[in-house]
Amino acid sequence: MSSGSSGHSGRTASAAFLYSFSLLNGVGRLALAALVGVAAVIVSTLMPNDVFASEQVKKDENSLYILNWSDYIDPSVLKDFEKEYNIKIHYDVMYSNEVLEAKLMVGKSGYDIIAPSAHVLKRLAENGLLLPLDKSKLKNLSHMDEDKMAKAATVDKDNTYGIPYMELSTGLAYNKTKIAALFGKDFKVDSWDLLFKEEYLKKLQSCGVAALDSPSDMLCTALLYMGRDPESTNKQDYTDAAHMMHAMGKYVRYFHSAQYSNDLASGDICLAPAWAGDAQLANQRSLEAKGEEIVYIIPKEGALMGYDMLAIPKDAEHVDNAHLFLDYIMRPEVIAKISNYVRYANANKDATPLVDPEITSNPGIYYDKETLKRMHIVVPPTEVERIMTRTWNNVISASSEK
Ligand code: N2P
């Protein structure tokens with residue numbers, strides 16, 4: 001298995017791009033997105049076209065190029081797949097749906113498997129960028145949970161383009177010891193107030209707050225907190241959300257969608273909006289390293305939940321291998337192994353008995369009925385896509401000027 005970069009055209013650059021994009025401010029992002037478009041044209045014009053080309057193509061037939069979120073697989077699963085099928089996996093990680101989308105829009109991403117969140121899969125499919133799955137090659141679909149497949153089908157009619165990979169929520173994670181030291185041991189953390197109200201942020205600044213670099217997660221959560229429709233199409237709602245978030249931007253150390261998990265674990269930050277499994281991982285590592293608990297909650301105002309999907313881009317070059325991989329991932333023992341490693345719930349009903357009871361009984365991962373009542377599956381409407389991007393870039397730019 002090779003990871004992060006490979007000999008495939010343009011891929012080393014794209015891995016670096018995926019990382020650095022997430023560290024840029026709003027203006028830099030737009031400029032870089034335009035540059036990538038130009039670079040893609042240059043790279044594809046310079047593709048080698050000599051006598052060795054057909055040899056290389058043959059060698060590459062036994063390959064599979066995967067782009068997945070960071071910390072989102074048990075590496076042994078990739079190795080086992082390679083061994084069983086004699087297929088070499090080239091594995092890159094990403095940190096944001098927006099970057100994935102930009103790459104697919106440019107075309108020739110080189111990937112055979114991608115992991116968009118469900119609402120993004122919907123947009124990619126609508127733009128003709130995904131390949132319909134060949135279900136005759138996916139016999140393990142029978143293991144999937146019908147309810148969860150039906151939920152995924154609300155954005156992917158008849159489950160045409162994707163299979164749900166992991167189920168997740170966007171809640172709030174905090175270091176119990178540090179929050180008790182700041183606010184007193186009887187202080188109850190049950191609200192997004194801590195992330196959005198200046199009076200709390202001012203205090204929290206000393207122990208460190210981070211935020212996800214994800215416009216849909218952050219803006220829709222802000223709308224929920226404000227009691228507005230998280231799928232609002234009203235421009236004013238986004239203006240109000242941005243206004244409120246500028247306060248948050250003044251106090252957060254950074255916006256990044258992976259770094260916070262390590263930083264919570266090491267004690268470098270004490271609070272962050274978080275994806276369920278990443279918070280659990282932080283908890284596990286923090287307990288091991290310092291004996292401090294990282295608690296993950298679904299605040300009383302509600303939180304987002306959803307699925308990350310696995311899908312095949314329309315121009316994938318290794319379509320058969322991609323189907324083999326999807327079918328492999330749907331083996332109950334394989335997806336259970338992944339859930340045990342990454343601490344996210346999966347959507348495979350036959351895998352549940354194989355998942356560590358410590359995970360299945362955690363209401364922040366496998367949600368109980370009470371928690372589910374506060375959770376919302378949100379699909380940001382297409383017509384506000386631009387408003388969301390612009391609003392989010394403004395929040396980040398304002399924050400970087402602090
Ligand atoms: C896992 C990241 C979760 C992906 N580390 C959120 N879409």
# chains A, B, ... in the order shown; residues from 1 in each chain; ligands from 1
$ residues_around --residues "Phe255 of chain A" --least-positions-apart "2" --cutoff "6 Å" --atoms "only C-alpha atoms" --output "MDAnalysis selection string"
chainID A and resid 211:213
$ residues_near_ligand --ligand "ligand 1" --cutoff "10 Å" --atoms "only C-alpha atoms and all ligand atoms" --output "ChimeraX atom specification"
/A:68-73,93-97,115-118,166-170,212,214,217,257-259,261,274-279,281,306-309,342-344
$ residues_around --residues "Asp350 of chain A" --least-positions-apart "2" --cutoff "8 Å" --atoms "only C-alpha atoms" --output "short mmCIF file (atom, residue, chain, number, x, y, z; two decimals) with N, CA and C atoms, in the first residue's frame"
data_model
loop_
_atom_site.label_atom_id
_atom_site.label_comp_id
_atom_site.auth_asym_id
_atom_site.auth_seq_id
_atom_site.Cartn_x
_atom_site.Cartn_y
_atom_site.Cartn_z
N HIS A 143 -25.91 -7.41 3.35
CA HIS A 143 -25.59 -7.23 4.78
C HIS A 143 -25.96 -5.83 5.29
N MET A 144 -26.31 -4.94 4.37
CA MET A 144 -26.50 -3.55 4.81
C MET A 144 -27.83 -3.38 5.55
N ASP A 145 -27.85 -2.42 6.45
CA ASP A 145 -29.03 -2.13 7.25
C ASP A 145 -30.07 -1.40 6.37
N PRO A 332 -19.20 -8.11 6.68
CA PRO A 332 -19.40 -7.68 8.07
C PRO A 332 -18.12 -7.65 8.89
N ASN A 348 -23.86 -1.44 8.43
CA ASN A 348 -23.93 -2.85 8.04
C ASN A 348 -24.56 -3.62 9.20
N THR A 352 -22.88 -5.40 13.29
CA THR A 352 -23.08 -4.88 14.66
C THR A 352 -22.62 -5.86 15.76
N PRO A 353 -22.97 -7.16 15.66
CA PRO A 353 -22.50 -8.06 16.73
C PRO A 353 -20.98 -8.19 16.80
N LEU A 354 -20.31 -7.79 15.73
CA LEU A 354 -18.85 -7.94 15.71
C LEU A 354 -18.13 -6.67 16.18
#
$ closest_residue --among "A:His246, A:Lys185, A:Asp268, A:Asp237" --to "Ser206 of chain A" --atoms "only C-alpha atoms"
A:Asp268
$ closest_residue --among "A:Ile294, A:Ala241, A:Leu287, A:Leu182" --to "Val395 of chain A" --atoms "only C-alpha atoms"
A:Ala241
$ residues_around --residues "Ile179 of chain A" --least-positions-apart "5" --cutoff "10 Å" --atoms "only C-alpha atoms" --output "list in words"
Tyr174, Gly184, Lys185, Phe187, Lys188, Val189, Lys203, Leu204, Cys207, Cys270 and Leu271 of chain A
$ write_last_selection --atoms "C-alpha atoms" --output "PDB file, in the first residue's frame"
ATOM      1  CA  TYR A 174     -14.234  18.968  25.510  1.00  0.00           C
ATOM      2  CA  GLY A 184     -16.124  24.869  38.304  1.00  0.00           C
ATOM      3  CA  LYS A 185     -16.710  21.150  38.746  1.00  0.00           C
ATOM      4  CA  PHE A 187     -20.661  23.318  35.474  1.00  0.00           C
ATOM      5  CA  LYS A 188     -22.783  21.348  33.005  1.00  0.00           C
ATOM      6  CA  VAL A 189     -21.730  21.323  29.376  1.00  0.00           C
ATOM      7  CA  LYS A 203     -12.450  32.198  29.102  1.00  0.00           C
ATOM      8  CA  LEU A 204     -11.844  29.174  26.899  1.00  0.00           C
ATOM      9  CA  CYS A 207      -6.981  26.456  27.174  1.00  0.00           C
ATOM     10  CA  CYS A 270      -9.818  21.975  25.457  1.00  0.00           C
ATOM     11  CA  LEU A 271     -12.900  22.395  23.238  1.00  0.00           C
TER      12      LEU A 271
END
$ closest_residue --among "A:Ser136, A:Asn283, A:Asn393, A:Thr360" --to "Ala242 of chain A" --atoms "only C-alpha atoms"
A:Asn393
$ closest_residue --among "A:Ile114, A:Val252, A:Leu310, A:Met1" --to "Lys79 of chain A" --atoms "only C-alpha atoms"
A:Met1
$ select_by_dssp --residues "segment 66-196 of chain A" --states "helix (DSSP H, G or I)" --output "ChimeraX atom specification"
/A:75-85,97-106,118-126,135-137,139-143,146-153,157-159,176-183,193-196
$ write_last_selection --atoms "C-alpha atoms" --output "PDB file, in the first residue's frame"
ATOM      1  CA  PRO A  75      -4.659   0.136   7.629  1.00  0.00           C
ATOM      2  CA  SER A  76      -4.663  -3.661   8.025  1.00  0.00           C
ATOM      3  CA  VAL A  77      -7.896  -3.770   5.988  1.00  0.00           C
ATOM      4  CA  LEU A  78      -6.054  -2.235   3.030  1.00  0.00           C
ATOM      5  CA  LYS A  79      -3.172  -4.683   3.381  1.00  0.00           C
ATOM      6  CA  ASP A  80      -5.528  -7.687   3.593  1.00  0.00           C
ATOM      7  CA  PHE A  81      -7.351  -6.541   0.459  1.00  0.00           C
ATOM      8  CA  GLU A  82      -4.076  -6.135  -1.429  1.00  0.00           C
ATOM      9  CA  LYS A  83      -2.992  -9.620  -0.442  1.00  0.00           C
ATOM     10  CA  GLU A  84      -6.287 -11.315  -1.269  1.00  0.00           C
ATOM     11  CA  TYR A  85      -6.754  -9.705  -4.686  1.00  0.00           C
ATOM     12  CA  ASN A  97     -15.733  17.836   1.050  1.00  0.00           C
ATOM     13  CA  GLU A  98     -15.136  21.099  -0.767  1.00  0.00           C
ATOM     14  CA  VAL A  99     -11.653  20.092  -1.865  1.00  0.00           C
ATOM     15  CA  LEU A 100     -12.935  16.702  -3.013  1.00  0.00           C
ATOM     16  CA  GLU A 101     -15.672  18.397  -4.985  1.00  0.00           C
ATOM     17  CA  ALA A 102     -13.241  20.849  -6.602  1.00  0.00           C
ATOM     18  CA  LYS A 103     -10.985  17.977  -7.682  1.00  0.00           C
ATOM     19  CA  LEU A 104     -13.853  16.027  -9.211  1.00  0.00           C
ATOM     20  CA  MET A 105     -15.093  19.128 -11.025  1.00  0.00           C
ATOM     21  CA  VAL A 106     -11.669  19.651 -12.588  1.00  0.00           C
ATOM     22  CA  ALA A 118     -24.044  12.112   1.534  1.00  0.00           C
ATOM     23  CA  HIS A 119     -25.161  15.628   0.586  1.00  0.00           C
ATOM     24  CA  VAL A 120     -22.020  16.065  -1.492  1.00  0.00           C
ATOM     25  CA  LEU A 121     -22.550  12.719  -3.206  1.00  0.00           C
ATOM     26  CA  LYS A 122     -25.922  14.101  -4.253  1.00  0.00           C
ATOM     27  CA  ARG A 123     -24.330  17.144  -5.880  1.00  0.00           C
ATOM     28  CA  LEU A 124     -21.599  15.088  -7.564  1.00  0.00           C
ATOM     29  CA  ALA A 125     -24.229  12.725  -8.987  1.00  0.00           C
ATOM     30  CA  GLU A 126     -26.372  15.624 -10.205  1.00  0.00           C
ATOM     31  CA  LYS A 135     -24.944  -4.020  -8.101  1.00  0.00           C
ATOM     32  CA  SER A 136     -24.430  -7.418  -9.748  1.00  0.00           C
ATOM     33  CA  LYS A 137     -20.860  -7.090  -8.472  1.00  0.00           C
ATOM     34  CA  LYS A 139     -23.289  -9.342  -3.420  1.00  0.00           C
ATOM     35  CA  ASN A 140     -22.541  -8.111   0.113  1.00  0.00           C
ATOM     36  CA  LEU A 141     -25.172  -5.390  -0.226  1.00  0.00           C
ATOM     37  CA  SER A 142     -27.417  -7.954   1.482  1.00  0.00           C
ATOM     38  CA  HIS A 143     -25.591  -7.225   4.778  1.00  0.00           C
ATOM     39  CA  GLU A 146     -32.276  -1.425   5.339  1.00  0.00           C
ATOM     40  CA  ASP A 147     -33.185   1.650   7.422  1.00  0.00           C
ATOM     41  CA  LYS A 148     -29.795   3.242   6.919  1.00  0.00           C
ATOM     42  CA  MET A 149     -29.848   2.413   3.206  1.00  0.00           C
ATOM     43  CA  ALA A 150     -33.276   4.058   3.023  1.00  0.00           C
ATOM     44  CA  LYS A 151     -31.890   7.171   4.751  1.00  0.00           C
ATOM     45  CA  ALA A 152     -29.008   7.275   2.276  1.00  0.00           C
ATOM     46  CA  ALA A 153     -31.521   6.828  -0.555  1.00  0.00           C
ATOM     47  CA  LYS A 157     -32.267   7.562  -5.191  1.00  0.00           C
ATOM     48  CA  ASP A 158     -32.302   3.738  -5.135  1.00  0.00           C
ATOM     49  CA  ASN A 159     -28.774   3.819  -3.698  1.00  0.00           C
ATOM     50  CA  LYS A 176     -13.520  17.444  31.284  1.00  0.00           C
ATOM     51  CA  THR A 177     -10.646  18.314  33.623  1.00  0.00           C
ATOM     52  CA  LYS A 178      -9.809  21.607  31.940  1.00  0.00           C
ATOM     53  CA  ILE A 179     -13.430  22.756  31.637  1.00  0.00           C
ATOM     54  CA  ALA A 180     -14.024  21.957  35.319  1.00  0.00           C
ATOM     55  CA  ALA A 181     -10.911  23.964  36.207  1.00  0.00           C
ATOM     56  CA  LEU A 182     -12.221  26.963  34.238  1.00  0.00           C
ATOM     57  CA  PHE A 183     -15.927  26.938  35.101  1.00  0.00           C
ATOM     58  CA  ASP A 193     -23.169  28.288  23.975  1.00  0.00           C
ATOM     59  CA  LEU A 194     -19.565  27.401  24.723  1.00  0.00           C
ATOM     60  CA  LEU A 195     -18.640  27.647  21.074  1.00  0.00           C
ATOM     61  CA  PHE A 196     -20.796  30.576  20.045  1.00  0.00           C
TER      62      PHE A 196
END
$ select_by_dssp --residues "segment 56-177 of chain A" --states "strand (DSSP E or B)" --output "PyMOL selection string"
chain A and resi 63-69+88-94+113-114+117+130+144+162-175
$ closest_residue --among "A:Tyr111, A:Gly267, A:Thr382, A:Met305" --to "Asn127 of chain A" --atoms "only C-alpha atoms"
A:Thr382
$ atom_distance --atom1 "atom CA of Tyr161 of chain A" --atom2 "atom CA of Leu326 of chain A"
11.7 Å
$ atom_distance --atom1 "atom CA of Arg285 of chain A" --atom2 "atom CA of Glu333 of chain A"
24.7 Å
